[in-house]
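Peer 1: The structure under discussion is supplied below as structure tokens; questions concerning it will follow.
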Number of protein chains: 2
Amino acid sequence: MANPTAAMLVIGDEILSGRTRDANMHYLAGELTKHGIDLKEVRIVSDDAPAIEAAVRALSQANDHVFTSGGIGPTHDDITADCIARAFGAHIDVRHDARALLEAHYEKSGLELNDARLRMARIPDGAELIDNPVSTAPGFTIANVHVMAGVPLVFQAMVASVLPLLTGGNPLLSQTLRVDRGEGDIASTLAALAKDFGDLSIGCYPFQTNGVFGANVVVRGTEGGRIDAAMTRLAKEIEL
Amino acid sequence: MANPTAAMLVIGDEILSGRTRDANMHYLAGELTKHGIDLKEVRIVSDDAPAIEAAVRALSQANDHVFTSGGIGPTHDDITADCIARAFGAHIDVRHDARALLEAHYEKSGLELNDARLRMARIPDGAELIDNPVSTAPGFTIANVHVMAGVPLVFQAMVASVLPLLTGGNPLLSQTLRVDRGEGDIASTLAALAKDFGDLSIGCYPFQTNGVFGANVVVRGTEGGRIDAAMTRLAKEIEL
């Protein structure tokens, strides 16, 4: 059976302007691969309501799961929760269960639960809360969309809260062979290998270090024995 | 006048599987910002022909420019050039001008210009070549799509070849104020500021370092005087 599929939506002007380098995508990609969920597509959009809504709708329809990152804090540019609600035609307001979490948290920390912070309790009707052990303000899951924070520490904690609840497939395994020759020299060998091992994915990733060209050949699949067989043949044909 | 808009399409299984962390997006974002072109959206798709074609079409229609990265090497998984040609209904084959570049390069280096390497001379009819001073094999521009390599060194050289040819707008300027308080404390101040400075973008990016919560407030715009005015008011209201 094919693995479940996923897409990720990263929301934030700061990444598109080059100010911040996204870290959450790389983290989620690794976690999904281990869990046997295939990440098929990532989109990064700005803090723009129509762009967020259109992307959520498209990705939700095309994939088993969608993971979003960013835009659920207390400031005016945090519009993700409202956009997701609109994308699903769901009513959204400060919700009792999320508010209770924030009240307990801010009472303990001595900070005021003001109107801005209360925005973090805006949760669409019917959504399930996602636990945030780092800073309390929850994420949520509505339909097949998991809405999470952009701060990497919080994002990672939320992924750890959500992922065990999702049915995974076969973890994707991989082996890599480093070849110190240009990829043009090994291309025909790889093409023949890819043809004979149609159940595996054979990727070739060139690099250049100190003026020397080489390539990492990566063989991916879900059956370890098949990967071993492909790697053995590859090593022999490339005559290391 | 509004700045020209751009989108980026990153092509590559190795990024979606978490094996490689993309570097080209962050680089391009910074270069476009300096050049006055607004990066509106990034998509990352796998080495899958229908996914590449659909993304190129959608992004090309919605933006002034599209920049792609990855999938133009000599191996069987390098399918970008053919997908782009199909997306525009253009004929593609080994093209004389690109072949001549490769012949000269491989003659000098003593390597064989075999069938695999010749694939890198597959260029759609009507496309303009993009100069590759690092490893010769060219990128190309067709309609408003600039097709470039995935290897970061080559990608960066191709961006340097293309960007001076494009009409830019006003470079996006920004100033940042670090505030050592939770963003919930300053949210109402920021919301009022954003309302009064509708021509600027006011972003708030929370961080957490050694258990202390704080936020970077970033004010962006194209007029330095306006940014100064907003920062002065912000500093006063937050009473540093």
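Chain labels follow the order of the structure tokens: the first chain is A, the next B, and so on; residue numbering restarts at 1 in every chain, and ligands are counted from 1 in their shown order.
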Write out as a tab-separated table the residues of region 100-161 of chain B that have any atom within 6 Å of an atom of region 67-71 of chain B, one row each with the nearest atom pair and its distance in Å to one decimal, counting only C-alpha atoms, sorted by chain and then rising number.
Peer 2:
```
residue	atom	partner	partner_atom	distance
B:Val145	CA	B:Phe67	CA	5.9
B:His146	CA	B:Phe67	CA	4.8
B:Val147	CA	B:Thr68	CA	4.9
B:Met148	CA	B:Ser69	CA	5.0
B:Ala149	CA	B:Gly70	CA	4.8
B:Gly150	CA	B:Gly70	CA	3.8
```
Peer 1: Any idea which chain B residues end up within 6 Å of chain A if we count only C-alpha atoms, as a PyMOL selection string please?
Peer 2: chain B and resi 16-18+21+26+29-30+39+41-45+74-76+116-117+184+187+191
Peer 1: For N, CA, C and O atoms, I'd like the residues from the last selection saved as a short mmCIF file (atom, residue, chain, number, x, y, z; two decimals), in the first residue's frame.
Peer 2:
```
data_model
loop_
_atom_site.label_atom_id
_atom_site.label_comp_id
_atom_site.auth_asym_id
_atom_site.auth_seq_id
_atom_site.Cartn_x
_atom_site.Cartn_y
_atom_site.Cartn_z
N LEU B 16 12.55 17.38 -0.23
CA LEU B 16 11.30 16.92 0.38
C LEU B 16 11.52 15.71 1.28
O LEU B 16 10.71 15.45 2.17
N SER B 17 12.58 14.95 1.06
CA SER B 17 12.84 13.79 1.92
C SER B 17 13.64 14.19 3.16
O SER B 17 13.87 13.37 4.04
N GLY B 18 14.05 15.46 3.22
CA GLY B 18 14.82 15.91 4.38
C GLY B 18 16.30 15.61 4.29
O GLY B 18 17.07 15.90 5.19
N ARG B 21 19.14 20.32 2.91
CA ARG B 21 18.45 21.54 3.30
C ARG B 21 18.65 22.56 2.19
O ARG B 21 19.77 22.88 1.84
N HIS B 26 16.78 30.86 0.16
CA HIS B 26 17.22 31.95 1.04
C HIS B 26 18.12 32.92 0.27
O HIS B 26 18.00 34.14 0.41
N ALA B 29 15.95 34.94 -2.27
CA ALA B 29 15.10 35.90 -1.55
C ALA B 29 15.89 37.18 -1.24
O ALA B 29 15.41 38.29 -1.46
N GLY B 30 17.10 37.02 -0.75
CA GLY B 30 17.92 38.19 -0.42
C GLY B 30 18.28 39.01 -1.65
O GLY B 30 18.22 40.24 -1.64
N LEU B 39 9.41 38.79 -3.83
CA LEU B 39 9.18 37.34 -3.88
C LEU B 39 7.88 37.04 -3.14
O LEU B 39 7.76 37.27 -1.94
N GLU B 41 5.92 33.97 -3.51
CA GLU B 41 5.59 32.58 -3.20
C GLU B 41 6.74 31.67 -3.61
O GLU B 41 7.44 31.95 -4.58
N VAL B 42 6.94 30.62 -2.83
CA VAL B 42 7.90 29.58 -3.19
C VAL B 42 7.16 28.26 -3.16
O VAL B 42 6.34 28.02 -2.27
N ARG B 43 7.43 27.41 -4.15
CA ARG B 43 6.90 26.04 -4.10
C ARG B 43 8.06 25.07 -4.26
O ARG B 43 8.98 25.32 -5.04
N ILE B 44 7.99 23.98 -3.53
CA ILE B 44 8.97 22.92 -3.66
C ILE B 44 8.22 21.67 -4.08
O ILE B 44 7.28 21.27 -3.40
N VAL B 45 8.59 21.10 -5.22
CA VAL B 45 7.93 19.88 -5.69
C VAL B 45 8.97 18.81 -5.98
O VAL B 45 10.16 19.09 -6.09
N PRO B 74 22.69 15.97 -16.15
CA PRO B 74 22.75 14.94 -17.20
C PRO B 74 22.08 13.61 -16.84
O PRO B 74 22.06 12.71 -17.68
N THR B 75 21.54 13.44 -15.62
CA THR B 75 21.05 12.11 -15.26
C THR B 75 19.55 11.95 -15.50
O THR B 75 18.84 12.92 -15.75
N HIS B 76 19.10 10.68 -15.37
CA HIS B 76 17.72 10.34 -15.74
C HIS B 76 16.67 11.10 -14.93
O HIS B 76 15.54 11.26 -15.36
N ALA B 116 24.69 11.39 -22.21
CA ALA B 116 24.15 11.93 -20.96
C ALA B 116 24.46 13.43 -20.87
O ALA B 116 23.57 14.25 -20.60
N ARG B 117 25.72 13.78 -21.10
CA ARG B 117 26.09 15.21 -20.99
C ARG B 117 25.40 16.05 -22.05
O ARG B 117 25.09 17.21 -21.81
N GLY B 184 3.03 39.50 23.20
CA GLY B 184 1.69 39.83 23.67
C GLY B 184 1.64 41.18 24.39
O GLY B 184 0.60 41.82 24.45
N ALA B 187 1.67 43.97 21.39
CA ALA B 187 0.82 43.73 20.22
C ALA B 187 -0.09 44.92 19.91
O ALA B 187 -0.25 45.29 18.74
N ALA B 191 -0.19 47.09 16.46
CA ALA B 191 -1.39 47.15 15.64
C ALA B 191 -1.72 48.60 15.29
O ALA B 191 -2.06 48.92 14.14
#
```
Peer 1: Using DSSP assignments from the backbone, pull out every residue in region 64-240 of chain B that falls under helix (DSSP H, G or I) and give it to me as a ChimeraX atom specification.
Peer 2: /B:80-87,96-109,115-121,152-165,183-196,224-238
Peer 1: Which polymer residues have any atom within 7 Å of an atom of Ile84 (chain B), counting only C-alpha atoms, with same-chain residues fewer than 4 positions away left out, as a ChimeraX atom specification?
Peer 2: /B:53,80,88
